[in-house]
Amino acid sequence: MKPSVVDYRLQDSLNRRVFLRGSAMSIGTAALASLVVGESPQARAQDESIGLAGFPHFPPKAKRIIYLFQSGAPSQMDLFDPKPAMEAQRGKDLPESIRNGQRLTTMTSGQKNFPIAPSIFKFAQYGQSGMWMSELMPQMSTLADRWCMIRTMHTEAINHDPAITFCQTGSQLAGRPSIGSWVAYGLGSVNRDLPSYVVMTSFGSGRPDDQPLYDRLWGAGFLPSKHQGVKFRNSGDPVLYLSNPPGVDPATRRGTLDRIAALNSQRYEQIGDPEIQTRIAQYELAFRMQSSIPDLMDVRDEEAATIAMYGCHPGDGSFASNCLLARRMAQRGVRFIQLYHRDWDHHSLLREELPLRAAEVDGACAALIRDLKRLGMFEETLIVWSGEFGRTPMSQSNKGSVGRDHHNKAMSMWLAGGGVRGGIVHGATDELGYAAAEKVCTVHDLHATMLHQLGIRHDAFSVKFQGLDAKLTGVERANVIHDILT
């Protein structure tokens with residue numbers, strides 16, 4: 001006998017996926033109803049901006065985050081963490097007592113010795129704080145009193161993919177929600193015409209086939225899929241299928257979406273799957289983005305001096321162009337903006353390639369800070385700059401060329417704006433820069449701090465998944481890095 005609709009609903013009510021997501025059903029019900037019955041734009045905007053009840057937990061210092069991720073792992077030894085004492089030991093083998101059997105990657109596991117390699121680049125002190133910086137960062141050096149350096153980030157993974165996954169999701173295993181998705185889920189959106197979480201990528205000028213970046217890095221995992229990051233492409237339409245096909249005008253598209261929404265709402269009434277609400281919301285957002293995205297990407301209203309400050313040719317897909325677009329997104333209410341810049345993986349040719357990567361980001365990062373400051377947005381925008389791990393203080397033998405292998409015992413990164421104290425250095429590594437010696441920070445500590453600046457208690461932000469209270473900061477103890485905050 002053919003099952004009835006009631007039988008299907010009973011079956012689906014026992015479906016594990018629907019059951020686990022049932023708590024999220026009430027969140028989108030009002031938005032779903034507004035799409036079907038045609039409430040006012042103001043009511044729709046209010047519904048779509050709602051995050052979780054009780055969020056934020058306390059008044060935030062930052063309204064948004066711009067995360068500048070340097071994929072491939074920049075060498076902290078040559079950019080941010082000078083070790084003059086290494087010069088006396090140049091070329092000597094790293095004592096086994098220091099490495100202490102630490103795991104090595106396959107690139108160096110066969111090396112018979114590990115010669116200590118001081119930086120070949122010059123360092124100097126900058127600003128009132130006297131922060132030490134490499135000659136490869138001349139523009140960022142002039143803003144040393146605006147940002148905070150952390151020299152003692154410690155991570156777990158030693159290979160790129162699990163390390164990047166860990167930095168973005170708090171877990172080395174793929175499939176967990178990204179930090180941007182957690183933020184969008186907890187706080188909702190600000191601008192109903194743009195995604196709350198946007199991702200942009202750029203290539204270094206060296207190797208366009210460098211380490212891949214997978215869409216799962218900005219995925220929503222077990223959170224509702226509407227909270228995943230929306231990736232903007234480097235060329236053509238920023239979002240695929242943003243333009244109407246020939247012969248389709250906005251009125252026709254609007255009518256089509258209304259009919260699809262009616263069908264989806266009927267299906268939702270039958271089975272109650274919250275992903276149907278996501279589908280409706282995403283169709284509506286895509287429709288609104290047809291107007292908002294071209295305006296966002298059209299930088300003709302920017303002053304020539306501003307574009308020159310970033311050092312970009314708008315639309316060229318460079319890191320500098322993406323920084324300019326990140327500022328425009330911040331102005332328009334995008335809550336979490338993620339920029340990935342690739343080609344920092346220097347197992348060889350460090351002398352030749354590192355200056356190129358540094359030049360691609362140095363001026364653009366400084367311009368972003370200056371621009372946000374000019375617009376009165378710097379103090380309410382948290383900027384984070386990091387890679388996935390650090391590099392070794394000993395040389396990787398590569399037929400005579402200078403290179404450094406992956407290293408997870410010490411990594412340097414910086415934060416600016418959004419309630420972060422400027423002009424301070426947090427933590428210190430040992431005399432060889434091999435390991436964090438004091439004030440060690442973890443990736444989970446970083447995530448806890450980022451959430452804290454948005455007004456979210458990381459230990460009170462969880463979702464039931466596979467019977468556990470899953471959190472971005474995991475089950476290990478995570479601490480907000482209060483020493484770096486105002």
# chains A, B, ... in the order shown; residues from 1 in each chain; ligands from 1
$ select_by_dssp --residues "segment 322-455 of chain A" --states "helix (DSSP H, G or I)" --output "NGL selection string"
:A and (322-331 or 350-374 or 378-380 or 443-453)
$ residues_around --residues "segment 55-62 of chain A" --least-positions-apart "3" --cutoff "7 Å" --atoms "only C-alpha atoms" --output "list in words"
Gly51, Leu52, Gly186, Leu187, Glu380, Thr381, Leu382, Gly418, Gly419, Gln453, Leu454, Gly455, Ile456 and Arg457 of chain A
$ residues_around --residues "segment 90-94 of chain A" --least-positions-apart "3" --cutoff "7 Å" --atoms "only C-alpha atoms" --output "list of chain:residue names"
A:Met86, A:Glu87, A:Asn113, A:Phe114, A:Pro115, A:Ile116, A:Ala117, A:Pro118
$ residues_around --residues "Glu156 of chain A" --least-positions-apart "5" --cutoff "9 Å" --atoms "only C-alpha atoms" --output "MDAnalysis selection string"
chainID A and resid 162:163 166 172 389 408:409 442:443
$ closest_residue --among "A:Ile337, A:Val183, A:Ile98, A:Leu173" --to "Val230 of chain A" --atoms "only C-alpha atoms"
A:Ile337
$ atom_distance --atom1 "atom CA of Ser71 of chain A" --atom2 "atom CA of Tyr340 of chain A"
6.4 Å
$ residues_around --residues "Pro84 of chain A" --least-positions-apart "5" --cutoff "10 Å" --atoms "only C-alpha atoms" --output "list in words"
Gln89, Pro118, Ser119, Phe123, Glu431 and Leu432 of chain A
$ write_last_selection --atoms "C-alpha atoms" --output "compact mmCIF listing (two decimals), in the first residue's frame"
# COMPACT_ATOMS: atom_id res chain seq x y z
CA GLN A 89 76.02 28.90 15.60
CA PRO A 118 70.02 32.46 10.97
CA SER A 119 67.95 34.78 8.84
CA PHE A 123 65.92 43.41 11.29
CA GLU A 431 67.30 31.62 21.66
CA LEU A 432 67.10 29.54 18.49
$ select_by_dssp --residues "segment 37-131 of chain A" --states "strand (DSSP E)" --output "PDB file with N, CA and C atoms, in the first residue's frame"
ATOM      1  N   ARG A  64      33.109  43.174  13.507  1.00  0.00           N
ATOM      2  CA  ARG A  64      33.405  42.287  12.383  1.00  0.00           C
ATOM      3  C   ARG A  64      34.849  41.804  12.491  1.00  0.00           C
ATOM      4  N   ILE A  65      35.174  40.776  11.708  1.00  0.00           N
ATOM      5  CA  ILE A  65      36.535  40.245  11.658  1.00  0.00           C
ATOM      6  C   ILE A  65      36.984  40.163  10.208  1.00  0.00           C
ATOM      7  N   ILE A  66      38.199  40.600   9.960  1.00  0.00           N
ATOM      8  CA  ILE A  66      38.858  40.391   8.679  1.00  0.00           C
ATOM      9  C   ILE A  66      40.067  39.494   8.949  1.00  0.00           C
ATOM     10  N   TYR A  67      40.017  38.281   8.430  1.00  0.00           N
ATOM     11  CA  TYR A  67      41.040  37.270   8.698  1.00  0.00           C
ATOM     12  C   TYR A  67      41.914  37.136   7.450  1.00  0.00           C
ATOM     13  N   LEU A  68      43.162  37.551   7.559  1.00  0.00           N
ATOM     14  CA  LEU A  68      44.115  37.545   6.452  1.00  0.00           C
ATOM     15  C   LEU A  68      44.994  36.303   6.595  1.00  0.00           C
ATOM     16  N   PHE A  69      44.596  35.230   5.943  1.00  0.00           N
ATOM     17  CA  PHE A  69      45.294  33.952   6.138  1.00  0.00           C
ATOM     18  C   PHE A  69      46.339  33.751   5.049  1.00  0.00           C
ATOM     19  N   GLN A  70      47.577  33.493   5.496  1.00  0.00           N
ATOM     20  CA  GLN A  70      48.709  33.334   4.585  1.00  0.00           C
ATOM     21  C   GLN A  70      49.003  31.843   4.419  1.00  0.00           C
ATOM     22  N   PHE A 123      66.985  43.006  10.381  1.00  0.00           N
ATOM     23  CA  PHE A 123      65.921  43.413  11.291  1.00  0.00           C
ATOM     24  C   PHE A 123      66.267  44.755  11.921  1.00  0.00           C
ATOM     25  N   ALA A 124      65.224  45.504  12.294  1.00  0.00           N
ATOM     26  CA  ALA A 124      65.405  46.773  13.007  1.00  0.00           C
ATOM     27  C   ALA A 124      64.194  46.991  13.907  1.00  0.00           C
ATOM     28  N   GLN A 125      64.330  47.950  14.826  1.00  0.00           N
ATOM     29  CA  GLN A 125      63.232  48.278  15.733  1.00  0.00           C
ATOM     30  C   GLN A 125      62.428  49.448  15.192  1.00  0.00           C
ATOM     31  N   TYR A 126      61.094  49.399  15.454  1.00  0.00           N
ATOM     32  CA  TYR A 126      60.196  50.409  14.898  1.00  0.00           C
ATOM     33  C   TYR A 126      59.198  50.881  15.947  1.00  0.00           C
ATOM     34  N   MET A 131      59.343  47.608  18.406  1.00  0.00           N
ATOM     35  CA  MET A 131      59.102  46.256  17.916  1.00  0.00           C
ATOM     36  C   MET A 131      60.090  45.900  16.803  1.00  0.00           C
TER      37      MET A 131
END
$ closest_residue --among "A:Asp469, A:Asp459, A:Asp210, A:Asp81" --to "Asp345 of chain A" --atoms "only C-alpha atoms"
A:Asp210
$ closest_residue --among "A:Asp405, A:Gly376, A:Leu451, A:Ala470" --to "Gly390 of chain A" --atoms "only C-alpha atoms"
A:Asp405
$ residues_around --residues "Ile424 of chain A" --least-positions-apart "5" --cutoff "12 Å" --atoms "only C-alpha atoms" --output "PyMOL selection string"
chain A and resi 126-132+143-151+414-416+483-486
$ write_last_selection --atoms "N, CA and C atoms" --output "compact mmCIF listing (two decimals), in the first residue's frame"
# COMPACT_ATOMS: atom_id res chain seq x y z
N TYR A 126 61.09 49.40 15.45
CA TYR A 126 60.20 50.41 14.90
C TYR A 126 59.20 50.88 15.95
N GLY A 127 58.74 52.12 15.77
CA GLY A 127 57.71 52.68 16.63
C GLY A 127 58.19 52.98 18.03
N GLN A 128 57.30 53.58 18.82
CA GLN A 128 57.61 53.83 20.21
C GLN A 128 57.80 52.55 20.99
N SER A 129 57.16 51.50 20.51
CA SER A 129 57.26 50.21 21.19
C SER A 129 58.60 49.53 20.95
N GLY A 130 59.32 49.94 19.89
CA GLY A 130 60.59 49.31 19.58
C GLY A 130 60.44 47.89 19.08
N MET A 131 59.34 47.61 18.41
CA MET A 131 59.10 46.26 17.92
C MET A 131 60.09 45.90 16.80
N TRP A 132 60.66 44.70 16.89
CA TRP A 132 61.61 44.24 15.88
C TRP A 132 60.85 43.71 14.67
N LEU A 143 53.68 50.87 11.15
CA LEU A 143 52.47 50.79 11.97
C LEU A 143 52.66 49.87 13.17
N ALA A 144 53.90 49.72 13.59
CA ALA A 144 54.20 48.79 14.68
C ALA A 144 53.42 49.10 15.95
N ASP A 145 53.07 50.35 16.18
CA ASP A 145 52.34 50.72 17.39
C ASP A 145 50.84 50.53 17.24
N ARG A 146 50.40 50.09 16.07
CA ARG A 146 48.97 49.89 15.83
C ARG A 146 48.54 48.44 16.06
N TRP A 147 49.49 47.52 16.06
CA TRP A 147 49.09 46.12 16.14
C TRP A 147 49.91 45.35 17.16
N CYS A 148 49.42 44.16 17.45
CA CYS A 148 50.01 43.30 18.47
C CYS A 148 50.64 42.07 17.81
N MET A 149 51.85 41.75 18.20
CA MET A 149 52.53 40.57 17.69
C MET A 149 52.47 39.44 18.72
N ILE A 150 52.06 38.27 18.28
CA ILE A 150 52.15 37.06 19.10
C ILE A 150 53.22 36.17 18.50
N ARG A 151 54.25 35.87 19.27
CA ARG A 151 55.37 35.08 18.76
C ARG A 151 55.34 33.63 19.23
N TRP A 414 49.93 38.31 13.92
CA TRP A 414 49.58 39.60 14.50
C TRP A 414 48.09 39.86 14.42
N LEU A 415 47.62 40.72 15.34
CA LEU A 415 46.24 41.16 15.40
C LEU A 415 46.22 42.68 15.53
N ALA A 416 45.16 43.29 15.03
CA ALA A 416 45.05 44.75 15.11
C ALA A 416 43.59 45.15 15.21
N ASP A 483 45.89 39.34 27.90
CA ASP A 483 47.03 40.25 27.96
C ASP A 483 47.13 41.17 26.75
N ILE A 484 46.56 40.77 25.64
CA ILE A 484 46.70 41.57 24.42
C ILE A 484 45.51 42.48 24.18
N LEU A 485 44.52 42.45 25.08
CA LEU A 485 43.28 43.18 24.87
C LEU A 485 43.23 44.46 25.71
N THR A 486 42.52 45.44 25.20
CA THR A 486 42.37 46.70 25.94
C THR A 486 41.40 46.53 27.08
$ closest_atom_pairs --of "segment 357-464 of chain A" --to "segment 318-328 of chain A" --cutoff "10 Å" --atoms "only C-alpha atoms" --output "tab-separated table"
residue	atom	partner	partner_atom	distance
A:Glu360	CA	A:Phe319	CA	6.9
A:Val361	CA	A:Phe319	CA	6.6
A:Asp362	CA	A:Ala320	CA	9.2
A:Gly363	CA	A:Ala320	CA	7.9
A:Ala364	CA	A:Ala320	CA	4.9
A:Cys365	CA	A:Cys323	CA	7.3
A:Ala366	CA	A:Cys323	CA	9.9
A:Ala367	CA	A:Cys323	CA	8.3
A:Leu368	CA	A:Cys323	CA	6.3
A:Ile369	CA	A:Arg327	CA	9.4
A:Asp371	CA	A:Arg327	CA	7.8
A:Leu372	CA	A:Arg327	CA	7.1
A:Leu375	CA	A:Arg327	CA	9.8
A:Met377	CA	A:Arg327	CA	9.3
A:Thr381	CA	A:Arg327	CA	9.9
$ write_last_selection --atoms "N, CA and C atoms" --output "PDB file, in the first residue's frame"
ATOM      1  N   GLU A 360      53.859  41.400  -1.688  1.00  0.00           N
ATOM      2  CA  GLU A 360      52.474  41.293  -2.140  1.00  0.00           C
ATOM      3  C   GLU A 360      51.472  41.625  -1.041  1.00  0.00           C
ATOM      4  N   VAL A 361      51.870  41.463   0.229  1.00  0.00           N
ATOM      5  CA  VAL A 361      50.911  41.678   1.318  1.00  0.00           C
ATOM      6  C   VAL A 361      51.258  42.865   2.203  1.00  0.00           C
ATOM      7  N   ASP A 362      52.519  43.255   2.252  1.00  0.00           N
ATOM      8  CA  ASP A 362      52.962  44.292   3.192  1.00  0.00           C
ATOM      9  C   ASP A 362      52.203  45.607   3.005  1.00  0.00           C
ATOM     10  N   GLY A 363      52.271  46.176   1.833  1.00  0.00           N
ATOM     11  CA  GLY A 363      51.614  47.457   1.585  1.00  0.00           C
ATOM     12  C   GLY A 363      50.104  47.372   1.679  1.00  0.00           C
ATOM     13  N   ALA A 364      49.538  46.249   1.227  1.00  0.00           N
ATOM     14  CA  ALA A 364      48.085  46.085   1.260  1.00  0.00           C
ATOM     15  C   ALA A 364      47.564  46.005   2.693  1.00  0.00           C
ATOM     16  N   CYS A 365      48.281  45.282   3.558  1.00  0.00           N
ATOM     17  CA  CYS A 365      47.867  45.193   4.967  1.00  0.00           C
ATOM     18  C   CYS A 365      47.947  46.559   5.639  1.00  0.00           C
ATOM     19  N   ALA A 366      49.022  47.272   5.373  1.00  0.00           N
ATOM     20  CA  ALA A 366      49.176  48.605   5.953  1.00  0.00           C
ATOM     21  C   ALA A 366      48.078  49.542   5.434  1.00  0.00           C
ATOM     22  N   ALA A 367      47.752  49.434   4.138  1.00  0.00           N
ATOM     23  CA  ALA A 367      46.700  50.270   3.563  1.00  0.00           C
ATOM     24  C   ALA A 367      45.348  49.949   4.196  1.00  0.00           C
ATOM     25  N   LEU A 368      45.087  48.687   4.443  1.00  0.00           N
ATOM     26  CA  LEU A 368      43.818  48.300   5.064  1.00  0.00           C
ATOM     27  C   LEU A 368      43.681  48.931   6.445  1.00  0.00           C
ATOM     28  N   ILE A 369      44.742  48.885   7.237  1.00  0.00           N
ATOM     29  CA  ILE A 369      44.706  49.485   8.568  1.00  0.00           C
ATOM     30  C   ILE A 369      44.504  50.997   8.462  1.00  0.00           C
ATOM     31  N   ASP A 371      43.218  52.720   6.018  1.00  0.00           N
ATOM     32  CA  ASP A 371      41.909  53.023   5.450  1.00  0.00           C
ATOM     33  C   ASP A 371      40.812  52.886   6.497  1.00  0.00           C
ATOM     34  N   LEU A 372      40.852  51.807   7.267  1.00  0.00           N
ATOM     35  CA  LEU A 372      39.860  51.623   8.326  1.00  0.00           C
ATOM     36  C   LEU A 372      39.981  52.714   9.375  1.00  0.00           C
ATOM     37  N   LEU A 375      38.376  55.914   8.129  1.00  0.00           N
ATOM     38  CA  LEU A 375      36.920  55.853   8.097  1.00  0.00           C
ATOM     39  C   LEU A 375      36.300  55.674   9.486  1.00  0.00           C
ATOM     40  N   MET A 377      36.660  53.080  11.408  1.00  0.00           N
ATOM     41  CA  MET A 377      36.213  51.695  11.545  1.00  0.00           C
ATOM     42  C   MET A 377      37.266  50.783  12.156  1.00  0.00           C
ATOM     43  N   THR A 381      36.894  46.869  14.098  1.00  0.00           N
ATOM     44  CA  THR A 381      37.212  45.789  13.172  1.00  0.00           C
ATOM     45  C   THR A 381      38.426  45.027  13.682  1.00  0.00           C
TER      46      THR A 381
END
$ atom_distance --atom1 "atom CA of Thr105 of chain A" --atom2 "atom CA of Arg342 of chain A"
20.0 Å
$ closest_residue --among "A:Val198, A:Leu356, A:Met413, A:Met297" --to "His227 of chain A" --atoms "only C-alpha atoms"
A:Val198
